[in-house]
file final.cif (mmCIF, C-alpha atoms (C1' of nucleotides))
data_structure
#
loop_
_atom_site.label_atom_id
_atom_site.label_comp_id
_atom_site.auth_asym_id
_atom_site.auth_seq_id
_atom_site.Cartn_x
_atom_site.Cartn_y
_atom_site.Cartn_z
CA MET A 1 -13.86 14.17 0.94
CA LYS A 2 -13.07 10.69 -0.36
CA ILE A 3 -9.47 9.51 0.04
CA VAL A 4 -8.20 6.17 -1.26
CA THR A 5 -5.04 4.06 -1.09
CA TRP A 6 -4.15 1.39 -3.65
CA ASN A 7 -0.95 -0.55 -4.21
CA VAL A 8 -1.23 -1.10 -7.96
CA ASN A 9 1.88 -3.29 -8.43
CA SER A 10 3.01 -1.51 -11.64
CA LEU A 11 1.06 1.52 -12.82
CA LYS A 12 2.11 0.71 -16.37
CA VAL A 13 0.21 -2.57 -16.29
CA ARG A 14 -2.66 -1.30 -14.14
CA LEU A 15 -3.25 2.10 -15.78
CA PRO A 16 -6.48 1.02 -17.56
CA GLN A 17 -7.83 -0.32 -14.26
CA VAL A 18 -6.83 2.84 -12.40
CA ILE A 19 -8.47 5.03 -15.04
CA ASN A 20 -11.70 3.02 -14.90
CA TRP A 21 -11.68 3.10 -11.13
CA LEU A 22 -11.13 6.88 -11.02
CA VAL A 23 -13.98 7.52 -13.43
CA ALA A 24 -16.35 5.23 -11.53
CA HIS A 25 -15.53 6.34 -7.97
CA GLN A 26 -14.42 9.97 -8.37
CA PRO A 27 -12.22 10.08 -5.28
CA ASP A 28 -10.82 13.43 -4.22
CA ILE A 29 -7.41 11.87 -3.66
CA LEU A 30 -6.00 8.51 -4.80
CA CYS A 31 -2.71 7.41 -3.22
CA LEU A 32 -0.75 4.87 -5.27
CA GLN A 33 2.11 2.61 -4.26
CA GLU A 34 4.46 0.42 -6.31
CA THR A 35 4.11 2.49 -9.45
CA LYS A 36 7.47 1.03 -10.58
CA LEU A 37 7.95 3.99 -12.94
CA GLN A 38 10.68 6.52 -13.37
CA ASP A 39 9.23 10.04 -13.26
CA GLU A 40 9.75 10.63 -16.99
CA PHE A 41 7.43 7.71 -17.75
CA PHE A 42 4.64 8.69 -15.36
CA PRO A 43 1.30 8.82 -17.29
CA ALA A 44 0.44 12.35 -16.10
CA THR A 45 -1.18 13.29 -19.41
CA GLU A 46 -3.61 10.36 -19.39
CA ILE A 47 -4.52 11.12 -15.78
CA ALA A 48 -4.90 14.85 -16.46
CA ALA A 49 -7.39 13.99 -19.21
CA LEU A 50 -9.66 12.70 -16.43
CA GLY A 51 -9.37 15.97 -14.53
CA TYR A 52 -6.79 14.76 -12.02
CA HIS A 53 -3.53 16.36 -10.94
CA SER A 54 -0.54 14.09 -10.31
CA VAL A 55 2.48 14.34 -8.08
CA TYR A 56 4.86 11.42 -7.95
CA THR A 57 8.29 10.14 -7.10
CA GLY A 58 9.51 6.95 -8.68
CA GLN A 59 12.43 4.82 -9.71
CA LYS A 60 13.18 2.04 -12.13
CA MET A 61 11.63 -1.38 -11.37
CA PHE A 62 10.82 -0.94 -7.68
CA ASN A 63 8.78 1.15 -5.26
CA GLY A 64 7.40 4.50 -6.43
CA VAL A 65 4.45 6.43 -4.97
CA ALA A 66 2.01 9.03 -6.32
CA LEU A 67 -0.92 11.23 -5.37
CA LEU A 68 -3.72 11.80 -7.87
CA SER A 69 -6.14 14.54 -6.89
CA LYS A 70 -8.96 16.71 -8.14
CA GLN A 71 -7.41 19.78 -6.55
CA ASN A 72 -3.80 20.75 -6.84
CA GLY A 73 -1.75 19.81 -3.77
CA ALA A 74 0.54 22.15 -1.88
CA ASP A 75 3.83 21.66 -0.04
CA VAL A 76 4.77 18.39 -1.74
CA VAL A 77 7.38 16.31 0.06
CA THR A 78 8.95 13.17 -1.45
CA ALA A 79 11.19 11.88 1.32
CA ILE A 80 11.29 11.52 5.08
CA PRO A 81 13.45 14.46 6.17
CA ASN A 82 16.84 13.50 7.59
CA LEU A 83 16.52 9.89 6.46
CA ASP A 84 19.17 8.68 4.04
CA ASP A 85 17.03 6.49 1.77
CA SER A 86 17.41 6.00 -1.98
CA GLN A 87 14.09 4.10 -2.20
CA LYS A 88 11.04 6.10 -3.30
CA ARG A 89 8.50 5.21 -0.65
CA ILE A 90 6.82 8.40 0.49
CA ILE A 91 4.95 11.37 -0.91
CA ALA A 92 2.94 13.97 0.98
CA ALA A 93 0.87 17.01 0.02
CA THR A 94 -1.75 19.32 1.49
CA TYR A 95 -5.28 19.59 0.08
CA GLU A 96 -7.21 22.47 1.65
CA ASP A 97 -6.39 21.88 5.32
CA VAL A 98 -5.80 18.13 5.07
CA ARG A 99 -2.25 16.80 5.00
CA VAL A 100 -2.06 13.51 3.09
CA VAL A 101 0.93 11.22 3.59
CA CYS A 102 1.18 8.26 1.19
CA VAL A 103 3.59 5.51 2.26
CA TYR A 104 4.97 2.28 0.86
CA VAL A 105 6.50 0.65 3.92
CA PRO A 106 9.35 -1.80 3.18
CA ASN A 107 8.31 -5.43 2.94
CA GLY A 108 11.07 -6.80 5.14
CA GLU A 109 11.37 -10.14 3.30
CA SER A 110 11.80 -12.23 6.48
CA ILE A 111 12.56 -11.49 10.10
CA VAL A 112 16.18 -12.65 9.67
CA SER A 113 16.80 -10.42 6.64
CA ASP A 114 18.71 -7.14 6.56
CA LYS A 115 15.60 -5.81 4.85
CA TYR A 116 13.66 -6.47 8.07
CA GLN A 117 16.05 -4.23 10.01
CA TYR A 118 15.67 -1.60 7.29
CA LYS A 119 11.88 -1.90 7.66
CA LEU A 120 12.00 -1.34 11.43
CA MET A 121 14.44 1.54 11.06
CA TRP A 122 12.24 3.08 8.36
CA LEU A 123 9.12 2.79 10.53
CA ASP A 124 10.94 4.44 13.41
CA ALA A 125 12.01 7.33 11.17
CA LEU A 126 8.43 7.65 9.91
CA ASN A 127 7.15 7.78 13.48
CA ARG A 128 9.61 10.48 14.53
CA TRP A 129 8.81 12.61 11.48
CA LEU A 130 5.03 12.26 11.88
CA SER A 131 5.11 13.18 15.56
CA LYS A 132 6.27 16.60 14.39
CA GLU A 133 3.97 16.72 11.37
CA LEU A 134 0.94 16.18 13.62
CA GLU A 135 1.77 19.36 15.51
CA GLN A 136 1.80 21.30 12.24
CA TYR A 137 -1.15 19.49 10.63
CA PRO A 138 -3.94 18.48 13.04
CA ARG A 139 -5.85 17.12 10.03
CA LEU A 140 -3.45 14.43 8.84
CA ALA A 141 -4.24 11.24 6.89
CA LEU A 142 -1.51 8.58 6.71
CA LEU A 143 -2.32 5.92 4.19
CA GLY A 144 -0.70 3.27 2.11
CA ASP A 145 0.76 -0.21 2.05
CA PHE A 146 2.10 -0.70 5.58
CA ASN A 147 3.15 -4.32 5.05
CA ILE A 148 1.91 -5.01 8.59
CA ALA A 149 -1.13 -7.03 9.63
CA PRO A 150 -1.81 -5.32 12.97
CA GLU A 151 -3.79 -8.08 14.71
CA ASP A 152 -4.55 -11.78 14.35
CA ARG A 153 -8.01 -10.93 13.00
CA ASP A 154 -6.24 -9.29 10.05
CA VAL A 155 -4.68 -12.64 9.06
CA HIS A 156 -6.42 -15.59 7.40
CA ALA A 157 -4.31 -18.14 9.30
CA PRO A 158 -2.86 -16.45 12.40
CA ASP A 159 -1.05 -19.56 13.66
CA LEU A 160 0.65 -20.10 10.32
CA TRP A 161 1.76 -16.46 10.16
CA ARG A 162 2.64 -15.95 13.83
CA GLY A 163 6.08 -14.37 14.17
CA GLN A 164 6.54 -14.21 10.41
CA VAL A 165 7.31 -11.02 8.55
CA LEU A 166 4.21 -8.78 8.22
CA CYS A 167 2.90 -10.20 11.52
CA SER A 168 5.89 -10.18 13.86
CA GLU A 169 5.80 -8.56 17.27
CA SER A 170 8.27 -5.79 16.39
CA GLU A 171 6.28 -4.80 13.32
CA ARG A 172 3.01 -4.84 15.24
CA ASN A 173 4.65 -2.76 17.96
CA ALA A 174 5.72 -0.22 15.33
CA PHE A 175 2.11 -0.05 14.16
CA GLN A 176 0.95 0.50 17.75
CA GLU A 177 3.53 3.25 18.16
CA LEU A 178 1.88 5.09 15.26
CA LEU A 179 -1.51 4.72 16.96
CA LYS A 180 0.04 6.12 20.14
CA LEU A 181 0.88 9.33 18.24
CA GLY A 182 -2.87 9.87 18.11
CA PHE A 183 -3.78 8.10 14.87
CA ALA A 184 -6.80 5.84 14.52
CA ASP A 185 -6.94 2.79 12.25
CA SER A 186 -9.98 4.08 10.36
CA PHE A 187 -11.08 0.60 9.28
CA ARG A 188 -11.71 -0.33 12.91
CA LEU A 189 -13.81 2.75 13.63
CA PHE A 190 -16.72 0.88 12.03
CA ASP A 191 -18.32 -2.55 12.04
CA GLN A 192 -16.65 -4.63 9.35
CA PRO A 193 -17.16 -8.06 7.85
CA ASP A 194 -15.09 -10.86 9.41
CA LYS A 195 -12.05 -11.94 7.41
CA SER A 196 -11.58 -8.58 5.70
CA TYR A 197 -8.25 -8.40 3.87
CA THR A 198 -6.51 -6.09 1.39
CA TRP A 199 -3.89 -8.43 -0.09
CA TRP A 200 -3.96 -11.99 -1.38
CA ASP A 201 -1.03 -13.95 -2.81
CA TYR A 202 -1.25 -14.52 -6.55
CA ARG A 203 -0.51 -18.20 -5.95
CA MET A 204 -2.53 -21.12 -4.65
CA LEU A 205 -5.92 -19.56 -5.51
CA ALA A 206 -5.45 -17.41 -2.43
CA PHE A 207 -8.07 -14.82 -3.41
CA ARG A 208 -10.76 -17.38 -4.19
CA ARG A 209 -10.06 -19.07 -0.86
CA ASN A 210 -9.86 -15.67 0.90
CA ARG A 211 -6.40 -16.48 2.22
CA GLY A 212 -5.37 -12.86 2.68
CA LEU A 213 -3.93 -10.26 5.00
CA ARG A 214 -5.07 -6.75 5.90
CA ILE A 215 -1.86 -4.78 5.34
CA ASP A 216 -3.10 -1.64 3.55
CA HIS A 217 -4.34 0.95 6.00
CA ILE A 218 -5.73 4.44 6.40
CA MET A 219 -4.69 6.08 9.65
CA LEU A 220 -6.40 9.31 10.62
CA SER A 221 -5.35 11.93 13.13
CA SER A 222 -7.87 12.28 15.97
CA GLU A 223 -9.39 15.36 14.37
CA LEU A 224 -10.00 13.55 11.08
CA ALA A 225 -11.12 10.35 12.84
CA SER A 226 -13.85 12.30 14.64
CA ILE A 227 -15.37 13.31 11.29
CA CYS A 228 -14.74 10.04 9.41
CA LYS A 229 -17.97 8.75 7.89
CA SER A 230 -16.87 5.37 6.55
CA CYS A 231 -13.96 3.09 5.70
CA MET A 232 -14.26 0.17 3.31
CA ILE A 233 -12.21 -2.24 1.20
CA ASP A 234 -13.15 -2.49 -2.48
CA LYS A 235 -12.53 -6.09 -3.53
CA GLU A 236 -13.88 -5.62 -7.05
CA PRO A 237 -10.57 -4.75 -8.78
CA ARG A 238 -9.03 -7.95 -7.37
CA LYS A 239 -11.56 -9.94 -9.43
CA LEU A 240 -10.47 -8.44 -12.76
CA GLU A 241 -8.11 -9.94 -15.34
CA ARG A 242 -4.47 -9.19 -14.42
CA PRO A 243 -5.28 -7.64 -11.05
CA SER A 244 -2.95 -6.05 -8.56
CA ASP A 245 -2.50 -8.35 -5.58
CA HIS A 246 -3.76 -5.46 -3.36
CA THR A 247 -7.18 -3.82 -3.26
CA PRO A 248 -8.18 -0.18 -2.77
CA VAL A 249 -9.15 1.04 0.71
CA ILE A 250 -11.49 4.04 0.86
CA VAL A 251 -12.36 6.56 3.56
CA GLU A 252 -15.01 9.24 3.46
CA ILE A 253 -14.44 12.26 5.65
CA ALA A 254 -17.06 14.88 6.49
CA GLN A 255 -16.27 18.59 6.41
CA ASP A 256 -17.06 19.04 10.09
CA LEU A 257 -18.59 17.34 13.11
CA GLU A 258 -22.08 18.52 12.28
CA GLN A 259 -21.99 16.97 8.83
CA ALA A 260 -20.41 13.78 10.18
CA ARG A 261 -23.24 13.38 12.74
CA SER A 262 -25.97 14.06 10.21
CA CYS A 263 -24.64 11.21 8.06
CA ASN A 264 -24.38 8.69 10.89
"C1'" DA B 1 4.74 -29.06 1.10
"C1'" DT B 2 10.04 -23.47 0.89
"C1'" DG B 3 6.43 -24.81 -3.93
"C1'" DG B 4 3.18 -21.70 -6.09
"C1'" DC B 5 2.25 -16.34 -9.27
"C1'" DT B 6 3.30 -11.69 -11.21
"C1'" DG B 7 6.20 -7.75 -12.91
"C1'" DT B 8 10.65 -6.02 -14.41
"C1'" DG B 9 14.70 -6.13 -17.18
"C1'" DA B 10 17.52 -8.70 -19.44
"C1'" DA B 11 18.31 -12.31 -22.80
"C1'" DT B 12 15.42 -17.60 -21.64
"C1'" DC B 13 16.79 -16.55 -16.25
"C1'" DA B 14 17.30 -13.71 -11.67
"C1'" DC B 15 15.21 -10.96 -8.38
"C1'" DA B 16 11.61 -8.87 -5.51
"C1'" DG B 17 7.26 -8.95 -3.73
"C1'" DA B 18 4.23 -10.56 0.77
#
call {"tool": "encode", "arguments": {"input": "final.cif", "output": "structure tokens"}}
result
Amino acid sequence: MKIVTWNVNSLKVRLPQVINWLVAHQPDILCLQETKLQDEFFPATEIAALGYHSVYTGQKMFNGVALLSKQNGADVVTAIPNLDDSQKRIIAATYEDVRVVCVYVPNGESIVSDKYQYKLMWLDALNRWLSKELEQYPRLALLGDFNIAPEDRDVHAPDLWRGQVLCSESERNAFQELLKLGFADSFRLFDQPDKSYTWWDYRMLAFRRNRGLRIDHIMLSSELASICKSCMIDKEPRKLERPSDHTPVIVEIAQDLEQARSCN
DNA sequence: ATGGCTGTGAATCACAGA
């Protein structure tokens, strides 16, 4: 099973790229963030023409998340239960016995902003919800744009970013608290190239200079981590005309331990 | 060096992103 996360920064603008990517890579599930589309404008017909189901929750201008999948998902949820939040940042569904939770974590703006407090509150609510979800779904994948660079090695210039939003101690602690629930950061289950990032600023030739951050993640419950075959960042879409500022991140998961071992 | 780039919606500019 191939599962992917990609913050597309407007699905309206990026739809041709998403379609090309789907056709070329044939993921089982593609999680999208920042669709920036109200539900009535979601391009479900175009995506269905490729053989993909869509579930989505969006709003005008901001946020918006979606799950595109070869199989129809069950038990779709579009909000963190018991969290009063008008922003569309979460969608979850079950595919066979795998629960997939797609998140667009708040950016936070800066550590002195009200939006930073909202981010920390939101992450705490996510943690509390997922601690219960893990009991119900031992095979759980949590993926999306976390807007957190978990370690200095995930930052092109750690000293410049130290203490700043996306890298601050409280945000990194929140990330660690998710790991403590039993999740693994799938990217770090494998050897990876140095200076691997998933986001580069549009300005200052940041991509060409590889001045990026690794803020898009795929977290796997221990049961899924044990059968994870690979995790990689696909930088190719970032090289296209009018790219998203984020790249896709891809995991491959075996059906069972035996298959996982035979592939390693 | 608090700029710079992109997308949205409105109305030639403000806001958000990270």
call {"tool": "resolve_selection", "arguments": {"input": "final.cif", "expression": "the PyMOL selection byres ((chain A) within 12 of (chain B))", "output": "ChimeraX atom specification"}}
result
/A:7-14,34-37,59-63,105-110,115,145-149,161,164-167,198-207,212-216,242-246
call {"tool": "axis_aligned_box", "arguments": {"input": "final.cif", "around": "region 236-253 of chain A", "padding_each_side": "6 Å", "output": "lines of an AutoDock Vina configuration file"}}
result
center_x = -8.8
center_y = 1.2
center_z = -4.8
size_x = 24.5
size_y = 34.2
size_z = 33.0
call {"tool": "atom_distance", "arguments": {"input": "final.cif", "atom1": "CA of Glu171 (chain A)", "atom2": "CA of Glu151 (chain A)"}}
result
10.7 Å
call {"tool": "atom_distance", "arguments": {"input": "final.cif", "atom1": "CA of Arg99 (chain A)", "atom2": "CA of Leu220 (chain A)"}}
result
10.2 Å
call {"tool": "atom_distance", "arguments": {"input": "final.cif", "atom1": "CA of Leu134 (chain A)", "atom2": "CA of Glu96 (chain A)"}}
result
15.8 Å
call {"tool": "closest_residue", "arguments": {"input": "final.cif", "among": "A:Leu126, A:Asp84, A:Thr45, A:Tyr197", "to": "Asp152 (chain A)", "atoms": "all atoms listed in the file"}}
result
A:Tyr197
call {"tool": "resolve_selection", "arguments": {"input": "final.cif", "expression": "the PyMOL selection byres ((chain A and resi 129-131) around 10)", "output": "PyMOL selection string"}}
result
chain A and resi 80-83+101+123-128+132-137+140+142+178+180-182
call {"tool": "resolve_selection", "arguments": {"input": "final.cif", "expression": "the PyMOL selection byres ((chain A and resi 227-240) around 6)", "output": "PyMOL selection string"}}
result
chain A and resi 187+224-226+241+243+247-254+257+260
call {"tool": "closest_residue", "arguments": {"input": "final.cif", "among": "A:Arg208, A:Asp256, A:Ser196, A:Ala24", "to": "His156 (chain A)", "atoms": "all atoms listed in the file"}}
result
A:Ser196
call {"tool": "closest_residue", "arguments": {"input": "final.cif", "among": "A:Gln33, A:Ser222, A:Gln17, A:Ser168", "to": "Gly58 (chain A)", "atoms": "all atoms listed in the file"}}
result
A:Gln33
call {"tool": "residues_near_point", "arguments": {"input": "final.cif", "point": "(-10.4, -17.3, 7.2)", "cutoff": "9 Å", "atoms": "only C-alpha atoms (C1' of nucleotides)", "output": "count of residues only"}}
result
11
call {"tool": "decode", "arguments": {"input": "final.cif", "residues": "chain B", "atoms": "C-alpha atoms (C1' of nucleotides)", "output": "JSON list (two decimals), in the first residue's frame"}}
result
[["chain", "number", "residue", "atom", "x", "y", "z"],
["B", 1, "DA", "C1'", 18.78, 42.82, 5.31],
["B", 2, "DT", "C1'", 11.70, 42.22, 8.28],
["B", 3, "DG", "C1'", 12.76, 42.28, 2.21],
["B", 4, "DG", "C1'", 11.65, 38.59, -0.98],
["B", 5, "DC", "C1'", 7.19, 35.06, -3.68],
["B", 6, "DT", "C1'", 2.56, 32.94, -4.41],
["B", 7, "DG", "C1'", -2.58, 32.43, -4.08],
["B", 8, "DT", "C1'", -7.03, 34.43, -3.00],
["B", 9, "DG", "C1'", -10.52, 37.87, -3.40],
["B", 10, "DA", "C1'", -11.36, 42.15, -4.20],
["B", 11, "DA", "C1'", -10.75, 46.20, -7.04],
["B", 12, "DT", "C1'", -4.90, 47.84, -7.97],
["B", 13, "DC", "C1'", -4.20, 46.42, -2.53],
["B", 14, "DA", "C1'", -4.55, 43.39, 1.94],
["B", 15, "DC", "C1'", -3.84, 39.15, 4.00],
["B", 16, "DA", "C1'", -1.95, 34.55, 4.89],
["B", 17, "DG", "C1'", 1.43, 31.33, 4.27],
["B", 18, "DA", "C1'", 6.21, 29.29, 6.50]]
